[in-house]
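The structure appears below as structure tokens.
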Protein chains: 4
Amino acid sequence: MYPPITTPFLDDGRTLDIVGTKRNVERWMTTGLRGLVALGSNGESALVEESEADRFVETVRDAVPSERLLIVGTGRESTPATIDASRRAAARGADAVLVRTPSFFKPQMTEDAFLRHYAAVADASPVPVILYNFTALTGVTLSVSVVSRLSEHPNIVGMKESGGDAGFVSSLVNETAPGFQVLVGSAPTFFSSLLCGADGAIMALACVAPDECVSIYDLVRGGRIDDARLLQWRVTPLARLVTRRYGVPGLKAALGLLGYIGGPPRPPLLPAPPEAIDTLTAALATLRQPTSQVV
Amino acid sequence: MYPPITTPFLDDGRTLDIVGTKRNVERWMTTGLRGLVALGSNGESALVEESEADRFVETVRDAVPSERLLIVGTGRESTPATIDASRRAAARGADAVLVRTPSFFKPQMTEDAFLRHYAAVADASPVPVILYNFTALTGVTLSVSVVSRLSEHPNIVGMKESGGDAGFVSSLVNETAPGFQVLVGSAPTFFSSLLCGADGAIMALACVAPDECVSIYDLVRGGRIDDARLLQWRVTPLARLVTRRYGVPGLKAALGLLGYIGGPPRPPLLPAPPEAIDTLTAALATLRQPTSQVV
Amino acid sequence: MYPPITTPFLDDGRTLDIVGTKRNVERWMTTGLRGLVALGSNGESALVEESEADRFVETVRDAVPSERLLIVGTGRESTPATIDASRRAAARGADAVLVRTPSFFKPQMTEDAFLRHYAAVADASPVPVILYNFTALTGVTLSVSVVSRLSEHPNIVGMKESGGDAGFVSSLVNETAPGFQVLVGSAPTFFSSLLCGADGAIMALACVAPDECVSIYDLVRGGRIDDARLLQWRVTPLARLVTRRYGVPGLKAALGLLGYIGGPPRPPLLPAPPEAIDTLTAALATLRQPTSQVV
Amino acid sequence: MYPPITTPFLDDGRTLDIVGTKRNVERWMTTGLRGLVALGSNGESALVEESEADRFVETVRDAVPSERLLIVGTGRESTPATIDASRRAAARGADAVLVRTPSFFKPQMTEDAFLRHYAAVADASPVPVILYNFTALTGVTLSVSVVSRLSEHPNIVGMKESGGDAGFVSSLVNETAPGFQVLVGSAPTFFSSLLCGADGAIMALACVAPDECVSIYDLVRGGRIDDARLLQWRVTPLARLVTRRYGVPGLKAALGLLGYIGGPPRPPLLPAPPEAIDTLTAALATLRQPTSQVV
């Protein structure tokens with residue numbers, strides 16, 4: 001269970017908040033999370049400069065104990081830029097890199113193009129590569145057959161699938177090499193994905209409700225299916241708000257409500273509106289009160 | 001577990017095959033299925049005349065014992081036609097009617113339009129109504145809030161949801177009135193849907209592999225999650241072929257391979273091509289051989 | 001230029017308004033329209049029973065002089081039903097039939113399926129067949145190559161294309177047999193479609209602004225391109241309201257505002273809300289006042 | 001008429017080809033083109049590093065006479081990065097900047113977000129800004145009302161619209177401030193767009209057939225509508241190949257066939273396959289032979 005952490009900014013989104021970053025990571029490291037993901041989609045990586053990325057990774061690594069995993073998002077549109085970013089992340093202590101599909105030239109993103117891109121990146125990356133498929137944002141998708149072939153590469157160790165399609169997740173689990181890790185990114189379907197064989201998750205909900213996410217995982221692994229389903233139902237409303245409905249600005253606002261450093265998103269993203277903050281406040285309150293009764 | 005049975009035709013699709021219909025239904029009634037659905041999407045209801053529909057329902061009812069359920073698809077594009085079809089089905093012995101969303105005028109199919117349509121049908125139908133949402137074919141969808149409100153109607157007892165989105169199924173289960181039955185229509189995600197709280201299924205796979213479908217259901221209900229998942233994985237390849245890949249012509253061809261009366265689809269549907277028949281033959285063979293080892 | 005006329009109902013949509021039908025048609029026949037289309041999409045054909053359709057065609061034919069064309073929508077989901085409807089329309093005086101693509105089983109509506117469907121209908125129809133492609137409502141589309149092949153059939157004389165893509169219209173014009181008529185259905189792009197070589201139009205705007213539509217056509221044919229463009233711009237706001245924004249209910253409301261018999265749509269369609277009527281009233285008033293200055 | 005020029009690379013896409021760039025631009029400047037666009041979508045800007053972009057702009061500016069326009073693509077995902085890129089392009093001689101919509105966080109790209117983004121960029125850019133809407137690649141769209149409001153900004157002078165929807169182009173022309181330039185990007189609908197009031201075009205076809213593109217423009221402006229339509233039809237097959245069908249790799253291959261420096265695309269883009277080169281060769285041959293007979 002890895003939270004895709006946000007990238008805190010000062011000054012209306014212009015400057016990286018190094019102090020806030022450190023504080024957030026230290027707090028997450030007090031929970032049961034196995035590690036975290038820096039500079040994923042929720043980390044506004046698309047809006048961050050390369051020099052900022054380097055500094056952010058250094059800061060996060062300092063705060064993540066070596067026995068926990070630091071995964072860094074290094075997908076870029078070009079293959080050489082992705083390789084370069086992966087090397088730089090590895091040099092700064094990343095344990096693995098999460099590589100989003102390139103997607104600008106959608107019609108040209110054929111199976112062959114993906115196979116060559118990921119093979120080139122995995123050949124060159126000093127640390128293991130995790131594929132990252134986020135069709136809702138990219139408009140392209142990695143097919144099961146492509147993932148199946150890439151799962152044979154010794155330096156490709158897993159995949160994050162952000163959609164919530166249980167059939168697709170099942171196919172990924174079934175048709176990839178033994179040991180290949182399927183991590184899901186859709187919190188509202190986390191429970192059912194685990195039952196379909198997923199190995200874990202990288203999802204925004206884990207930033208704001210890390211203990212609950214870890215509990216769902218543990219309950220399923222322990223065979224307590226009904227308890228897991230109840231807890232999933234409990235977190236689902238919040239899960240929908242921080243991911244689908246309010247995006248990164250909502251996630252940052254929710255973190256702020258919980259005492260983390262949220263901060264403004266970087267433009268063109270706009271801060272969460274007051275209505276979002278009210279809704280998030282209510283959802284967090286609902287989640288908090290009787291959780292203990294469930295688990 | 002209800003199979004949405006096909007409508008057998010003679011003569012290149014022009015004439016209803018009454019004898020074949022009867023023979024098929026009698027054979028399905030030797031399995032563990034709780035009942036069946038006549039004139040659903042897989043029953044080519046969109047291609048069947050009203051007079052043929054009446055005769056088909058009479059024939060099927062004769063072959064379905066009174067202790068098993070006969071559900072009849074009666075959704076039409078107009079509200080009055082849907083009411084009329086529901087009354088005629090009830091008069092011929094239907095235990096419930098399955099009412100697909102009207103969808104021709106997509107932009108006008110607002111929440112309000114659906115609420116009024118289903119309330120009018122449920123008020124007028126002599127037998128209980130099951131909502132039917134099949135977005136992939138209709139291009140419209142029933143929202144959770146609409147289903148939630150309709151679930152309060154005393155004559156609306158359940159819903160068939162044909163998509164495989166576990167999050168949507170979970171929401172339906174959670175946000176509808178107690179006792180409201182959520183039935184799923186996507187066989188590749190049947191197992192995960194059950195774990196999300198679905199009550200059962202109406203899916204084409206149950207026409208060709210009724211015992212396996214019933215077994216998945218029983219295994220989940222009995223808490224044998226791992227066995228259920230394995231059996232789901234076993235049937236998934238065939239499930240994809242008969243529904244998504246080859247459509248009704250493929251389902252009819254598969255039935256023919258199993259000794260049921262398949263027969264040609266009605267034009268404009270074309271018979272399954274030889275390549276489909278080869279693929280289906282192989283998938284059926286694979287399914288048959290070692291099933292016993294699994295359960 | 002053919003208006004796809006509405007089907008007036010009494011009693012909340014339950015009964016055909018024969019008197020109103022006659023009155024509307026007689027009024028349209030006082031304009032410069034070359035004929036009209038009965039029971040197209042805007043005629044709520046999807047909501048009309050076969051017996052009603054027959055009576056409606058008889059009524060309209062009585063009011064359309066023999067030197068003007070009566071085109072009747074006879075597309076049904078099944079091939080035999082489409083043939084039957086075409087024969088019945090021809091027997092009641094239709095000069096041609098407009099045959100919408102079947103679309104219920106979208107994935108099976110291959111090029112081959114369309115070729116066979118239309119060839120069978122055209123072989124059997126006593127009057128010429130016009131293809132009808134309305135992708136926004138049906139979710140399927142006739143490719144240029146299919147239309148090109150069908151345009152060689154001696155009993156297929158044209159096509160109505162409801163989308164507004166100028167490139168697609170150009171291809172249809174260029175790649176079909178000589179004499180094949182390309183009629184467009186999107187009023188906001190009528191002017192540009194004519195310049196791309198379209199032969200005419202079947203569009204809802206012609207129900208409420210027949211003279212303006214005829215004028216755009218005549219201006220383009222007469223080489224007065226700038227005047228035609230200005231008149232197109234003048235009618236575009238209304239064109240968007242009656243088709244895309246408010247659908248058939250809006251078209252019926254606009255007819256009512258102009259003194260035609262509008263009447264309620266048939267459920268599940270809901271009557272146009274007060275806000276739609278206000279907007280339509282304003283658009284009609286804007287159109288009316290200074291039209292004379294333009295042409 | 002501005003061609004969106006390609007960015008030539010050496011060494012399998014890794015190194016900018018400065019000599020080739022210069023040679024291409026000098027040749028384009030012998031035609032009737034009014035200027036050109038560097039680092040647009042067809043310039044693989046998504047795959048080019050910032051330092052390369054700077055060097056490319058310098059090279060192109062050297063070869064474009066000061067009386068012709070150099071427009072540079074400077075859209076980035078973040079607002080600050082877009083401002084920075086625009087300033088750097090202006091400092092290197094760009095006459096205007098073409099700013100693609102940010103699109104990574106699609107659901108958050110609201111009207112308000114676009115208004116603020118473009119206002120911030122236009123406030124800061126030393127040279128005029130041209131909006132750039134390419135929905136097929138980005139999955140987001142600038143609404144007419146947003147463009148209308150932005151067209152009032154003194155430093156926003158026009159828009160490139162890459163879709164081929166004549167109705168949308170008409171609305172842009174009609175509902176923007178006087179003098180606002182609407183440039184289209186879809187070559188197959190160039191002729192009809194001009195008739196709808198578009199002011200010009202930025203389209204890949206102008207890289208490979210600059211004289212024909214200029215001729216269509218001149219014929220329409222001179223009132224020779226029928227000749228313009230014929231010439232449009234002549235270039236349409238090639239237009240479809242270089243843009244929609246084969247993408248940037250196809251455009252580069254076509255340039256190579258014409259004696260320009262094409263070169264490989266940068267990975268993950270793959271070079272055009274042999275089949276594409278054959279098809280392009282045939283289309284270029286067809287275009288070349290009898291063009292003179294047309295105009």
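Chain identifiers are assigned as A, B, and so on, following the order in which chains appear in the structure tokens; residues are numbered from 1 within each chain, and ligands are numbered from 1 in order of appearance.
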
Region 154-162 of chain B: which residues within 10 Å, counting only C-alpha atoms, same-chain residues fewer than 6 positions away excluded, as JSON, numbers by chain?
{"B": [96, 97, 98, 99, 100, 118, 119, 121, 122, 123, 124, 125, 126, 127, 128, 129, 130, 131, 132, 133, 134, 135, 136, 137, 141, 142, 147, 168, 169, 172, 176, 177, 178, 179, 180, 181, 182, 183, 184, 185, 186, 187, 198, 199, 200, 201, 202, 203]}

Go ahead and dump the residues you just picked, N, CA and C atoms, as a short mmCIF file (atom, residue, chain, number, x, y, z; two decimals), in the first residue's frame.
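Dumped everything to again-v8.cif:
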data_model
loop_
_atom_site.label_atom_id
_atom_site.label_comp_id
_atom_site.auth_asym_id
_atom_site.auth_seq_id
_atom_site.Cartn_x
_atom_site.Cartn_y
_atom_site.Cartn_z
N ALA B 96 -41.94 -12.14 -13.55
CA ALA B 96 -41.42 -10.77 -13.43
C ALA B 96 -41.07 -10.30 -14.83
N VAL B 97 -40.93 -8.98 -14.97
CA VAL B 97 -40.52 -8.44 -16.28
C VAL B 97 -39.21 -7.67 -16.11
N LEU B 98 -38.39 -7.79 -17.15
CA LEU B 98 -37.08 -7.13 -17.18
C LEU B 98 -37.19 -6.00 -18.19
N VAL B 99 -37.03 -4.76 -17.71
CA VAL B 99 -37.37 -3.61 -18.54
C VAL B 99 -36.11 -2.77 -18.84
N ARG B 100 -35.63 -2.96 -20.03
CA ARG B 100 -34.47 -2.21 -20.50
C ARG B 100 -34.79 -0.72 -20.59
N TYR B 118 -40.18 4.45 -15.47
CA TYR B 118 -40.22 3.22 -14.66
C TYR B 118 -41.36 3.25 -13.65
N ALA B 119 -41.67 4.39 -13.12
CA ALA B 119 -42.80 4.45 -12.20
C ALA B 119 -44.09 4.11 -12.93
N VAL B 121 -44.44 2.25 -15.62
CA VAL B 121 -44.45 0.83 -15.96
C VAL B 121 -44.73 0.00 -14.70
N ALA B 122 -44.06 0.34 -13.60
CA ALA B 122 -44.23 -0.46 -12.38
C ALA B 122 -45.65 -0.30 -11.82
N ASP B 123 -46.22 0.89 -11.96
CA ASP B 123 -47.60 1.07 -11.51
C ASP B 123 -48.56 0.18 -12.29
N ALA B 124 -48.27 -0.01 -13.57
CA ALA B 124 -49.21 -0.70 -14.44
C ALA B 124 -48.95 -2.19 -14.56
N SER B 125 -47.74 -2.63 -14.24
CA SER B 125 -47.40 -4.03 -14.48
C SER B 125 -48.02 -4.94 -13.41
N PRO B 126 -48.66 -6.02 -13.84
CA PRO B 126 -49.25 -6.95 -12.87
C PRO B 126 -48.19 -7.75 -12.12
N VAL B 127 -46.99 -7.79 -12.62
CA VAL B 127 -45.91 -8.56 -11.97
C VAL B 127 -44.74 -7.64 -11.68
N PRO B 128 -43.84 -8.05 -10.78
CA PRO B 128 -42.73 -7.18 -10.40
C PRO B 128 -41.83 -6.82 -11.58
N VAL B 129 -41.24 -5.64 -11.46
CA VAL B 129 -40.38 -5.09 -12.51
C VAL B 129 -38.92 -5.15 -12.06
N ILE B 130 -38.06 -5.57 -12.99
CA ILE B 130 -36.61 -5.53 -12.78
C ILE B 130 -36.04 -4.50 -13.76
N LEU B 131 -35.34 -3.51 -13.24
CA LEU B 131 -34.69 -2.51 -14.09
C LEU B 131 -33.57 -3.19 -14.87
N TYR B 132 -33.23 -2.62 -16.03
CA TYR B 132 -32.21 -3.25 -16.85
C TYR B 132 -31.35 -2.15 -17.48
N ASN B 133 -30.11 -2.11 -17.08
CA ASN B 133 -29.16 -1.09 -17.55
C ASN B 133 -28.07 -1.76 -18.37
N PHE B 134 -27.97 -1.35 -19.65
CA PHE B 134 -26.98 -1.98 -20.54
C PHE B 134 -26.33 -0.86 -21.36
N THR B 135 -25.48 -0.11 -20.67
CA THR B 135 -24.93 1.11 -21.27
C THR B 135 -24.15 0.85 -22.55
N ALA B 136 -23.42 -0.26 -22.61
CA ALA B 136 -22.60 -0.50 -23.80
C ALA B 136 -23.46 -0.58 -25.07
N LEU B 137 -24.67 -1.08 -24.96
CA LEU B 137 -25.54 -1.14 -26.14
C LEU B 137 -26.45 0.07 -26.27
N THR B 141 -27.46 5.56 -19.25
CA THR B 141 -27.23 4.82 -18.02
C THR B 141 -28.17 5.29 -16.92
N LEU B 142 -28.55 4.35 -16.08
CA LEU B 142 -29.32 4.67 -14.89
C LEU B 142 -28.34 5.05 -13.79
N VAL B 147 -31.68 4.75 -9.44
CA VAL B 147 -31.99 3.38 -9.02
C VAL B 147 -32.39 3.38 -7.54
N PHE B 168 -19.50 0.57 -9.37
CA PHE B 168 -20.90 0.87 -9.64
C PHE B 168 -21.80 -0.18 -8.99
N VAL B 169 -21.40 -1.44 -9.13
CA VAL B 169 -22.19 -2.51 -8.51
C VAL B 169 -22.23 -2.33 -6.99
N LEU B 172 -24.69 0.32 -6.11
CA LEU B 172 -26.08 -0.13 -6.25
C LEU B 172 -26.48 -0.96 -5.03
N THR B 176 -29.47 1.06 -2.33
CA THR B 176 -30.84 0.72 -2.69
C THR B 176 -31.56 0.16 -1.48
N ALA B 177 -32.87 0.07 -1.60
CA ALA B 177 -33.70 -0.37 -0.49
C ALA B 177 -33.37 -1.81 -0.10
N PRO B 178 -33.55 -2.15 1.17
CA PRO B 178 -33.30 -3.54 1.60
C PRO B 178 -34.15 -4.50 0.78
N GLY B 179 -33.55 -5.60 0.37
CA GLY B 179 -34.28 -6.59 -0.41
C GLY B 179 -34.22 -6.38 -1.90
N PHE B 180 -33.79 -5.20 -2.32
CA PHE B 180 -33.64 -4.94 -3.75
C PHE B 180 -32.52 -5.82 -4.29
N GLN B 181 -32.81 -6.56 -5.36
CA GLN B 181 -31.85 -7.53 -5.89
C GLN B 181 -30.99 -6.92 -6.98
N VAL B 182 -29.69 -6.96 -6.80
CA VAL B 182 -28.77 -6.51 -7.85
C VAL B 182 -28.23 -7.73 -8.58
N LEU B 183 -28.60 -7.84 -9.84
CA LEU B 183 -28.14 -8.95 -10.67
C LEU B 183 -27.17 -8.40 -11.70
N VAL B 184 -26.10 -9.10 -11.94
CA VAL B 184 -25.10 -8.59 -12.88
C VAL B 184 -25.17 -9.36 -14.19
N GLY B 185 -24.65 -8.73 -15.24
CA GLY B 185 -24.75 -9.32 -16.56
C GLY B 185 -23.42 -9.57 -17.23
N SER B 186 -22.35 -9.25 -16.52
CA SER B 186 -21.03 -9.41 -17.11
C SER B 186 -20.34 -10.62 -16.50
N ALA B 187 -20.26 -11.70 -17.27
CA ALA B 187 -19.72 -12.95 -16.73
C ALA B 187 -18.25 -12.86 -16.35
N ALA B 198 -23.36 -8.30 -4.99
CA ALA B 198 -24.41 -8.62 -5.95
C ALA B 198 -25.16 -9.87 -5.51
N ASP B 199 -26.45 -9.93 -5.88
CA ASP B 199 -27.30 -11.04 -5.42
C ASP B 199 -27.32 -12.21 -6.39
N GLY B 200 -26.93 -11.98 -7.62
CA GLY B 200 -26.99 -13.05 -8.60
C GLY B 200 -26.65 -12.51 -9.96
N ALA B 201 -27.05 -13.24 -11.00
CA ALA B 201 -26.66 -12.82 -12.34
C ALA B 201 -27.66 -13.29 -13.38
N ILE B 202 -27.73 -12.50 -14.44
CA ILE B 202 -28.42 -12.89 -15.67
C ILE B 202 -27.36 -12.73 -16.74
N MET B 203 -26.75 -13.83 -17.14
CA MET B 203 -25.64 -13.66 -18.07
C MET B 203 -25.56 -14.82 -19.05
#

Per-residue DSSP, region 163-225 of chain A, filtered to strand (DSSP E), as a list in words
Gln181, Val182, Leu183, Val184, Gly200 and Ala201 of chain A

Contact residues (chain C, partner chain D, 6 Å, only C-alpha atoms) as a list in words
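Every residue meeting the condition is included here: Asp165, Gly167, Pro188, Thr189 and Ser192 of chain C.
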
Take the residues from that selection and write them out as a PDB file, in the first residue's frame, keeping N, CA and C atoms.
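Below you can see part09.pdb, which holds the result:
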ATOM      1  N   ASP C 165     -20.024  16.702 -40.155  1.00  0.00           N
ATOM      2  CA  ASP C 165     -18.617  16.669 -40.535  1.00  0.00           C
ATOM      3  C   ASP C 165     -18.465  16.918 -42.035  1.00  0.00           C
ATOM      4  N   GLY C 167     -15.873  16.970 -43.906  1.00  0.00           N
ATOM      5  CA  GLY C 167     -15.003  16.033 -44.597  1.00  0.00           C
ATOM      6  C   GLY C 167     -15.727  14.753 -44.975  1.00  0.00           C
ATOM      7  N   PRO C 188     -27.051  23.430 -38.437  1.00  0.00           N
ATOM      8  CA  PRO C 188     -25.994  24.419 -38.218  1.00  0.00           C
ATOM      9  C   PRO C 188     -24.888  24.366 -39.271  1.00  0.00           C
ATOM     10  N   THR C 189     -24.751  23.241 -39.964  1.00  0.00           N
ATOM     11  CA  THR C 189     -23.707  23.143 -40.986  1.00  0.00           C
ATOM     12  C   THR C 189     -24.307  22.976 -42.381  1.00  0.00           C
ATOM     13  N   SER C 192     -22.335  25.018 -45.173  1.00  0.00           N
ATOM     14  CA  SER C 192     -21.036  24.467 -45.563  1.00  0.00           C
ATOM     15  C   SER C 192     -21.199  23.109 -46.239  1.00  0.00           C
TER      16      SER C 192
END

Excluding Phe105 (chain B) and residues on its chain fewer than 5 positions from it, collect all residues at most 9 Å away from it, counting only C-alpha atoms, and give them as a ChimeraX atom specification.
/C:41,44,46,137,247-248,269

For Gly259 (chain A), work out the shell of residues within 12 Å, counting only C-alpha atoms and skipping chain neighbours fewer than 3 positions away, then give it as a count of residues only.
14

Work out how far apart CA of Arg61 (chain B) and CA of Met29 (chain B) are and give it in Å to one decimal.
11.6 Å

Find the residues around Pro273 (chain D) up to 9 Å (only C-alpha atoms counted), leave out those fewer than 5 positions away in its own chain, and share them as a ChimeraX atom specification.
/D:249-250,278

Output for the residues just chosen: all heavy atoms as a PDB file, in the first residue's frame:
ATOM      1  N   PRO D 249       5.305  10.517 -38.109  1.00  0.00           N
ATOM      2  CA  PRO D 249       6.225   9.678 -38.890  1.00  0.00           C
ATOM      3  C   PRO D 249       5.881   9.702 -40.383  1.00  0.00           C
ATOM      4  O   PRO D 249       6.783   9.729 -41.232  1.00  0.00           O
ATOM      5  CB  PRO D 249       6.014   8.275 -38.291  1.00  0.00           C
ATOM      6  CG  PRO D 249       5.570   8.550 -36.877  1.00  0.00           C
ATOM      7  CD  PRO D 249       4.709   9.785 -36.968  1.00  0.00           C
ATOM      8  N   GLY D 250       4.593   9.724 -40.702  1.00  0.00           N
ATOM      9  CA  GLY D 250       4.190   9.785 -42.105  1.00  0.00           C
ATOM     10  C   GLY D 250       4.544  11.121 -42.732  1.00  0.00           C
ATOM     11  O   GLY D 250       4.977  11.186 -43.892  1.00  0.00           O
ATOM     12  N   ASP D 278       4.976   3.415 -49.260  1.00  0.00           N
ATOM     13  CA  ASP D 278       4.398   3.110 -50.576  1.00  0.00           C
ATOM     14  C   ASP D 278       3.132   3.929 -50.819  1.00  0.00           C
ATOM     15  O   ASP D 278       2.934   4.486 -51.901  1.00  0.00           O
ATOM     16  CB  ASP D 278       4.053   1.611 -50.656  1.00  0.00           C
ATOM     17  CG  ASP D 278       5.315   0.744 -50.658  1.00  0.00           C
ATOM     18  OD1 ASP D 278       6.415   1.301 -50.838  1.00  0.00           O
ATOM     19  OD2 ASP D 278       5.188  -0.473 -50.469  1.00  0.00           O
TER      20      ASP D 278
END

Taking the DSSP secondary structure from the backbone, can you list the residues of region 44-278 of chain D that are helix (DSSP H, G or I), as a ChimeraX atom specification?
/D:45-47,50-63,79-91,106-108,111-124,135-138,144-150,166-174,187-195,205-208,210-221,225-245,247-257,274-278

Atomic separation - CA of Gly73 (chain C) relative to CA of Ile5 (chain C), Å
10.8 Å

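A straight line drawn from CA of Glu52 (chain D) to CA of Arg14 (chain D) is 10.8 Å long.
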
For Leu238 (chain C), find every residue with an atom within 6 Å (counting only C-alpha atoms), except residues of its own chain fewer than 3 positions away, and show them as a PyMOL selection string.
chain C and resi 235+241+283

Pick the closest to Thr82 (chain D) from A:Leu251, A:Pro267, A:Leu69, A:Asp211: which is it, counting only C-alpha atoms?
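Of the candidates, the smallest distance to Thr82 (chain D) is held by A:Pro267.
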
Which residues are close to Asp54 (chain D), i.e. within 9 Å by only C-alpha atoms, leaving aside same-chain residues fewer than 2 positions away? Reply as a PDB file with C-alpha atoms, in the first residue's frame.
ATOM      1  CA  GLU D  49      13.741  19.354 -24.378  1.00  0.00           C
ATOM      2  CA  GLU D  50      13.646  23.034 -23.466  1.00  0.00           C
ATOM      3  CA  SER D  51      17.281  23.567 -24.471  1.00  0.00           C
ATOM      4  CA  GLU D  52      16.649  21.948 -27.839  1.00  0.00           C
ATOM      5  CA  PHE D  56      15.645  25.100 -32.863  1.00  0.00           C
ATOM      6  CA  VAL D  57      13.890  28.476 -32.687  1.00  0.00           C
ATOM      7  CA  GLU D  58      17.158  30.297 -33.212  1.00  0.00           C
ATOM      8  CA  THR D  59      17.957  28.173 -36.252  1.00  0.00           C
ATOM      9  CA  ALA D  85       8.726  29.105 -22.863  1.00  0.00           C
ATOM     10  CA  ARG D  88      12.288  32.451 -24.390  1.00  0.00           C
ATOM     11  CA  ALA D  89      10.716  32.068 -27.838  1.00  0.00           C
ATOM     12  CA  ARG D  92      14.752  34.371 -29.972  1.00  0.00           C
TER      13      ARG D  92
END
